[in-house]
>>> print(open('data_36.tsv').read())   # TSV, N, CA and C atoms
chain	number	residue	atom	x	y	z
A	1	MET	N	0.82	-1.19	0.00
A	1	MET	CA	0.00	0.00	0.00
A	1	MET	C	0.86	1.25	0.00
A	2	LEU	N	1.92	1.23	0.80
A	2	LEU	CA	2.83	2.36	0.85
A	2	LEU	C	3.50	2.56	-0.51
A	3	TYR	N	3.74	1.47	-1.22
A	3	TYR	CA	4.36	1.53	-2.54
A	3	TYR	C	3.46	2.26	-3.52
A	4	LYS	N	2.16	1.96	-3.46
A	4	LYS	CA	1.21	2.62	-4.35
A	4	LYS	C	1.15	4.11	-4.08
A	5	VAL	N	1.21	4.49	-2.83
A	5	VAL	CA	1.18	5.91	-2.48
A	5	VAL	C	2.46	6.57	-3.00
A	6	PHE	N	3.56	5.89	-2.86
A	6	PHE	CA	4.83	6.44	-3.33
A	6	PHE	C	4.79	6.65	-4.86
A	7	MET	N	4.20	5.71	-5.58
A	7	MET	CA	4.11	5.82	-7.03
A	7	MET	C	3.27	7.03	-7.42
A	8	LEU	N	2.19	7.27	-6.70
A	8	LEU	CA	1.34	8.40	-7.04
A	8	LEU	C	2.00	9.73	-6.69
A	9	THR	N	2.77	9.74	-5.62
A	9	THR	CA	3.42	10.99	-5.23
A	9	THR	C	4.65	11.26	-6.05
A	10	ASP	N	5.20	10.24	-6.69
A	10	ASP	CA	6.42	10.41	-7.48
A	10	ASP	C	6.10	10.65	-8.97
A	11	PHE	N	4.94	11.19	-9.23
A	11	PHE	CA	4.51	11.43	-10.62
A	11	PHE	C	5.43	12.38	-11.38
A	12	PRO	N	5.89	13.50	-10.84
A	12	PRO	CA	6.79	14.37	-11.61
A	12	PRO	C	8.07	13.66	-12.05
A	13	ALA	N	8.64	12.83	-11.20
A	13	ALA	CA	9.85	12.11	-11.58
A	13	ALA	C	9.53	11.10	-12.68
A	14	LEU	N	8.37	10.46	-12.54
A	14	LEU	CA	7.95	9.50	-13.54
A	14	LEU	C	7.70	10.19	-14.87
A	15	ALA	N	7.07	11.33	-14.82
A	15	ALA	CA	6.81	12.09	-16.04
A	15	ALA	C	8.12	12.55	-16.67
A	16	MET	N	9.06	12.91	-15.86
A	16	MET	CA	10.36	13.33	-16.38
A	16	MET	C	11.07	12.17	-17.06
A	17	GLY	N	10.89	10.96	-16.56
A	17	GLY	CA	11.47	9.78	-17.18
A	17	GLY	C	10.86	9.53	-18.56
A	18	TRP	N	9.55	9.67	-18.68
A	18	TRP	CA	8.89	9.49	-19.96
A	18	TRP	C	9.31	10.59	-20.93
A	19	PHE	N	9.45	11.79	-20.43
A	19	PHE	CA	9.88	12.90	-21.27
A	19	PHE	C	11.29	12.63	-21.81
A	20	ALA	N	12.17	12.15	-20.96
A	20	ALA	CA	13.53	11.84	-21.38
A	20	ALA	C	13.53	10.70	-22.41
A	21	TYR	N	12.63	9.72	-22.20
A	21	TYR	CA	12.53	8.61	-23.14
A	21	TYR	C	12.12	9.14	-24.52
A	22	TRP	N	11.08	9.94	-24.57
A	22	TRP	CA	10.61	10.46	-25.85
A	22	TRP	C	11.60	11.46	-26.45
A	23	LEU	N	12.30	12.17	-25.59
A	23	LEU	CA	13.32	13.10	-26.06
A	23	LEU	C	14.43	12.35	-26.79
A	24	PHE	N	14.69	11.12	-26.39
A	24	PHE	CA	15.68	10.29	-27.04
A	24	PHE	C	15.06	9.50	-28.20
A	25	ALA	N	13.84	8.97	-27.99
A	25	ALA	CA	13.23	8.06	-28.96
A	25	ALA	C	12.81	8.77	-30.25
A	26	LEU	N	12.25	9.96	-30.17
A	26	LEU	CA	11.76	10.63	-31.38
A	26	LEU	C	12.88	10.97	-32.36
A	27	PRO	N	13.99	11.53	-31.94
A	27	PRO	CA	15.06	11.75	-32.93
A	27	PRO	C	15.61	10.45	-33.54
A	28	VAL	N	15.71	9.41	-32.71
A	28	VAL	CA	16.17	8.12	-33.23
A	28	VAL	C	15.19	7.60	-34.28
A	29	LEU	N	13.90	7.71	-33.99
A	29	LEU	CA	12.87	7.27	-34.93
A	29	LEU	C	12.91	8.10	-36.22
A	30	ALA	N	13.08	9.41	-36.09
A	30	ALA	CA	13.15	10.28	-37.27
A	30	ALA	C	14.38	9.93	-38.11
A	31	ILE	N	15.50	9.68	-37.48
A	31	ILE	CA	16.71	9.31	-38.22
A	31	ILE	C	16.51	7.97	-38.92
A	32	GLY	N	15.85	7.05	-38.24
A	32	GLY	CA	15.57	5.74	-38.84
A	32	GLY	C	14.69	5.88	-40.08
A	33	TRP	N	13.63	6.66	-40.01
A	33	TRP	CA	12.75	6.85	-41.16
A	33	TRP	C	13.49	7.55	-42.29
A	34	LEU	N	14.33	8.51	-41.98
A	34	LEU	CA	15.11	9.19	-43.01
A	34	LEU	C	16.06	8.22	-43.70
A	35	ALA	N	16.72	7.38	-42.92
A	35	ALA	CA	17.63	6.39	-43.50
A	35	ALA	C	16.85	5.41	-44.38
A	36	TYR	N	15.68	4.99	-43.94
A	36	TYR	CA	14.84	4.07	-44.72
A	36	TYR	C	14.42	4.73	-46.03
A	37	TRP	N	14.00	6.00	-45.98
A	37	TRP	CA	13.58	6.72	-47.18
A	37	TRP	C	14.74	6.84	-48.17
A	38	LEU	N	15.92	7.19	-47.67
A	38	LEU	CA	17.08	7.30	-48.55
A	38	LEU	C	17.45	5.97	-49.18
A	39	TRP	N	17.36	4.90	-48.40
A	39	TRP	CA	17.66	3.56	-48.89
A	39	TRP	C	16.68	3.16	-49.99
A	40	GLN	N	15.37	3.40	-49.78
A	40	GLN	CA	14.37	3.06	-50.78
A	40	GLN	C	14.58	3.88	-52.06
A	41	ARG	N	14.95	5.15	-51.91
A	41	ARG	CA	15.21	6.00	-53.06
A	41	ARG	C	16.39	5.47	-53.88
A	42	LYS	N	17.43	5.03	-53.18
A	42	LYS	CA	18.60	4.47	-53.86
A	42	LYS	C	18.22	3.20	-54.62
A	43	ILE	N	17.41	2.35	-54.01
A	43	ILE	CA	16.98	1.11	-54.67
A	43	ILE	C	16.16	1.43	-55.92
A	44	LYS	N	15.25	2.40	-55.84
A	44	LYS	CA	14.44	2.77	-57.01
A	44	LYS	C	15.30	3.28	-58.15
A	45	GLU	N	16.31	4.08	-57.84
A	45	GLU	CA	17.20	4.60	-58.88
A	45	GLU	C	17.99	3.47	-59.53
A	46	GLU	N	18.43	2.49	-58.73
A	46	GLU	CA	19.15	1.35	-59.29
A	46	GLU	C	18.25	0.53	-60.19
A	47	GLU	N	16.98	0.36	-59.79
A	47	GLU	CA	16.06	-0.41	-60.62
A	47	GLU	C	15.74	0.30	-61.93
A	48	LYS	N	15.73	1.63	-61.92
A	48	LYS	CA	15.49	2.36	-63.16
A	48	LYS	C	16.62	2.13	-64.15
A	49	ASN	N	17.84	2.06	-63.66
A	49	ASN	CA	19.01	1.88	-64.53
A	49	ASN	C	19.19	0.44	-64.99
A	50	ARG	N	18.63	-0.50	-64.25
A	50	ARG	CA	18.79	-1.91	-64.56
A	50	ARG	C	17.77	-2.31	-65.64
A	51	PRO	N	18.18	-3.05	-66.67
A	51	PRO	CA	17.20	-3.49	-67.67
A	51	PRO	C	16.24	-4.50	-67.07
A	52	LYS	N	14.99	-4.39	-67.48
A	52	LYS	CA	13.98	-5.30	-66.95
A	52	LYS	C	14.11	-6.66	-67.64
A	53	PRO	N	14.11	-7.74	-66.88
A	53	PRO	CA	14.21	-9.05	-67.51
A	53	PRO	C	12.90	-9.39	-68.24
A	54	GLU	N	13.04	-9.99	-69.42
A	54	GLU	CA	11.86	-10.37	-70.18
A	54	GLU	C	11.49	-11.81	-69.86
A	55	SER	N	10.23	-12.00	-69.55
A	55	SER	CA	9.77	-13.35	-69.27
A	55	SER	C	9.59	-14.11	-70.59
A	56	LYS	N	9.48	-15.41	-70.47
A	56	LYS	CA	9.29	-16.24	-71.66
A	56	LYS	C	7.97	-15.90	-72.34
A	57	ARG	N	6.97	-15.65	-71.53
A	57	ARG	CA	5.64	-15.32	-72.08
A	57	ARG	C	5.66	-13.98	-72.82
A	58	LEU	N	6.37	-13.00	-72.26
A	58	LEU	CA	6.46	-11.69	-72.92
A	58	LEU	C	7.18	-11.81	-74.25
A	59	THR	N	8.27	-12.57	-74.28
A	59	THR	CA	9.01	-12.77	-75.53
A	59	THR	C	8.13	-13.46	-76.57
A	60	GLN	N	7.38	-14.45	-76.14
A	60	GLN	CA	6.49	-15.16	-77.06
A	60	GLN	C	5.41	-14.22	-77.60
A	61	THR	N	4.84	-13.41	-76.74
A	61	THR	CA	3.81	-12.47	-77.16
A	61	THR	C	4.36	-11.46	-78.15
A	62	LYS	N	5.57	-10.96	-77.89
A	62	LYS	CA	6.18	-10.01	-78.81
A	62	LYS	C	6.38	-10.64	-80.19
A	63	SER	N	6.85	-11.89	-80.23
A	63	SER	CA	7.07	-12.54	-81.53
A	63	SER	C	5.74	-12.78	-82.23
A	64	GLU	N	4.69	-13.14	-81.48
A	64	GLU	CA	3.38	-13.34	-82.10
A	64	GLU	C	2.84	-12.04	-82.68
A	65	ILE	N	3.02	-10.95	-81.98
A	65	ILE	CA	2.56	-9.66	-82.48
A	65	ILE	C	3.35	-9.27	-83.72
A	66	SER	N	4.66	-9.54	-83.70
A	66	SER	CA	5.49	-9.23	-84.86
A	66	SER	C	5.03	-10.04	-86.08
A	67	ASP	N	4.76	-11.32	-85.87
A	67	ASP	CA	4.28	-12.16	-86.97
A	67	ASP	C	2.94	-11.65	-87.49
A	68	TRP	N	2.05	-11.28	-86.59
A	68	TRP	CA	0.74	-10.77	-86.98
A	68	TRP	C	0.89	-9.47	-87.77
A	69	ALA	N	1.80	-8.60	-87.35
A	69	ALA	CA	2.03	-7.34	-88.06
A	69	ALA	C	2.55	-7.60	-89.48
A	70	LYS	N	3.44	-8.60	-89.63
A	70	LYS	CA	3.93	-8.93	-90.98
A	70	LYS	C	2.79	-9.45	-91.85
A	71	LYS	N	1.93	-10.28	-91.29
A	71	LYS	CA	0.79	-10.79	-92.05
A	71	LYS	C	-0.12	-9.65	-92.48
A	72	MET	N	-0.35	-8.71	-91.58
A	72	MET	CA	-1.22	-7.58	-91.89
A	72	MET	C	-0.60	-6.69	-92.97
A	73	ALA	N	0.74	-6.56	-92.95
A	73	ALA	CA	1.41	-5.76	-93.98
A	73	ALA	C	1.29	-6.42	-95.35
A	74	GLU	N	1.30	-7.75	-95.38
A	74	GLU	CA	1.20	-8.48	-96.64
A	74	GLU	C	-0.25	-8.68	-97.08
A	75	PHE	N	-1.19	-8.41	-96.23
A	75	PHE	CA	-2.60	-8.66	-96.52
A	75	PHE	C	-3.11	-7.73	-97.61
A	76	GLU	N	-3.85	-8.29	-98.55
A	76	GLU	CA	-4.49	-7.49	-99.58
A	76	GLU	C	-5.99	-7.74	-99.49
A	77	SER	N	-6.75	-6.68	-99.51
A	77	SER	CA	-8.20	-6.83	-99.44
A	77	SER	C	-8.70	-7.41	-100.76
A	78	PRO	N	-9.88	-8.00	-100.76
A	78	PRO	CA	-10.42	-8.54	-102.01
A	78	PRO	C	-10.56	-7.46	-103.10
A	79	ALA	N	-10.90	-6.25	-102.71
A	79	ALA	CA	-11.02	-5.17	-103.69
A	79	ALA	C	-9.67	-4.87	-104.32
A	80	GLU	N	-8.62	-4.89	-103.49
A	80	GLU	CA	-7.27	-4.63	-104.00
A	80	GLU	C	-6.82	-5.76	-104.92
A	81	GLN	N	-7.16	-6.99	-104.55
A	81	GLN	CA	-6.81	-8.13	-105.39
A	81	GLN	C	-7.52	-8.04	-106.74
A	82	ALA	N	-8.78	-7.65	-106.72
A	82	ALA	CA	-9.55	-7.51	-107.96
A	82	ALA	C	-8.95	-6.40	-108.83
A	83	ARG	N	-8.55	-5.30	-108.22
A	83	ARG	CA	-7.95	-4.21	-108.97
A	83	ARG	C	-6.65	-4.66	-109.62
A	84	LYS	N	-5.83	-5.41	-108.89
A	84	LYS	CA	-4.58	-5.91	-109.45
A	84	LYS	C	-4.83	-6.89	-110.60
A	85	ARG	N	-5.83	-7.76	-110.43
A	85	ARG	CA	-6.16	-8.70	-111.51
A	85	ARG	C	-6.60	-7.94	-112.76
A	86	LYS	N	-7.41	-6.89	-112.54
A	86	LYS	CA	-7.89	-6.11	-113.67
A	86	LYS	C	-6.74	-5.41	-114.38
A	87	LEU	N	-5.81	-4.85	-113.62
A	87	LEU	CA	-4.64	-4.22	-114.22
A	87	LEU	C	-3.80	-5.23	-114.99
A	88	ALA	N	-3.64	-6.41	-114.41
A	88	ALA	CA	-2.85	-7.46	-115.08
A	88	ALA	C	-3.54	-7.87	-116.38
A	89	GLN	N	-4.87	-8.00	-116.36
A	89	GLN	CA	-5.60	-8.36	-117.58
A	89	GLN	C	-5.47	-7.26	-118.63
A	90	GLN	N	-5.52	-5.99	-118.20
A	90	GLN	CA	-5.37	-4.88	-119.14
A	90	GLN	C	-3.97	-4.90	-119.76
A	91	LYS	N	-2.96	-5.18	-118.95
A	91	LYS	CA	-1.60	-5.24	-119.47
A	91	LYS	C	-1.46	-6.38	-120.48
A	92	GLU	N	-2.05	-7.52	-120.17
A	92	GLU	CA	-2.00	-8.65	-121.09
A	92	GLU	C	-2.70	-8.31	-122.40
A	93	LEU	N	-3.83	-7.64	-122.28
A	93	LEU	CA	-4.59	-7.27	-123.47
A	93	LEU	C	-3.79	-6.28	-124.31
A	94	GLU	N	-3.17	-5.30	-123.67
A	94	GLU	CA	-2.35	-4.33	-124.39
A	94	GLU	C	-1.16	-5.01	-125.05
A	95	GLU	N	-0.54	-5.93	-124.32
A	95	GLU	CA	0.60	-6.66	-124.88
A	95	GLU	C	0.16	-7.50	-126.09
A	96	LYS	N	-1.01	-8.09	-126.00
A	96	LYS	CA	-1.54	-8.90	-127.08
A	96	LYS	C	-1.82	-8.03	-128.31
A	97	GLN	N	-2.41	-6.86	-128.06
A	97	GLN	CA	-2.71	-5.95	-129.16
A	97	GLN	C	-1.42	-5.42	-129.78
A	98	ARG	N	-0.43	-5.12	-128.97
A	98	ARG	CA	0.85	-4.66	-129.49
A	98	ARG	C	1.51	-5.73	-130.36
A	99	ARG	N	1.44	-6.97	-129.94
A	99	ARG	CA	2.04	-8.06	-130.72
A	99	ARG	C	1.29	-8.22	-132.06
A	100	GLN	N	-0.04	-8.09	-131.98
A	100	GLN	CA	-0.82	-8.23	-133.23
A	100	GLN	C	-0.46	-7.12	-134.19
A	101	GLN	N	-0.25	-5.90	-133.67
A	101	GLN	CA	0.12	-4.79	-134.56
A	101	GLN	C	1.50	-5.03	-135.14
A	102	GLN	N	2.41	-5.58	-134.35
A	102	GLN	CA	3.76	-5.87	-134.87
A	102	GLN	C	3.68	-6.94	-135.95
A	103	ASP	N	2.83	-7.94	-135.74
A	103	ASP	CA	2.68	-9.01	-136.74
A	103	ASP	C	2.11	-8.45	-138.03
A	104	LYS	N	1.17	-7.51	-137.95
A	104	LYS	CA	0.58	-6.92	-139.15
A	104	LYS	C	1.60	-6.07	-139.90
A	105	GLN	N	2.47	-5.41	-139.16
A	105	GLN	CA	3.47	-4.57	-139.80
A	105	GLN	C	4.53	-5.43	-140.49
A	106	GLN	N	4.74	-6.59	-140.09
A	106	GLN	CA	5.77	-7.43	-140.70
A	106	GLN	C	5.19	-8.12	-141.85
>>> encode(input="data_36.tsv", output="structure tokens")
Amino acid sequence: MLYKVFMLTDFPALAMGWFAYWLFALPVLAIGWLAYWLWQRKIKEEEKNRPKPESKRLTQTKSEISDWAKKMAEFESPAEQARKRKLAQQKELEEKQRRQQQDKQQ
């Protein structure tokens, strides 16, 4: 019982102990957070400079897209195919007419 009374009467000393604890703990905590922030910043900068590794799936997808792009570049619409056929037929017809004129001249 006397101990409990002593604890209640010794409140200023107890409060001074807590104050001293926080006076020490807060700067240590602030320094720790600052060090952590600087460390994370350094890691992020290193990751920016490091090339990202390509996974097997990413490489496969890139090659599939490249193949698809080549197919699309070579693709001719039916209208374009018909136009080319018509031009080819016109050229053949002109060539045929030119040969016939040469044969008549000879």
>>> axis_aligned_box(input="data_36.tsv", around="range 74-77 of chain A", padding_each_side="8 Å", output="lines of an AutoDock Vina configuration file")
center_x = -3.7
center_y = -7.7
center_z = -98.1
size_x = 26.0
size_y = 18.0
size_z = 21.4
>>> atom_distance(input="data_36.tsv", atom1="CA of Tyr36 in chain A", atom2="atom C of Arg50 in chain A")
22.1 Å
>>> atom_distance(input="data_36.tsv", atom1="atom C of Glu74 in chain A", atom2="atom N of Glu94 in chain A")
27.0 Å
>>> select_by_dssp(input="data_36.tsv", residues="range 45-92 of chain A", states="alpha helix (DSSP H)", output="PyMOL selection string")
chain A and resi 45-49+56-74+78-92
>>> atom_distance(input="data_36.tsv", atom1="atom C of Leu93 in chain A", atom2="atom N of Gln105 in chain A")
16.1 Å
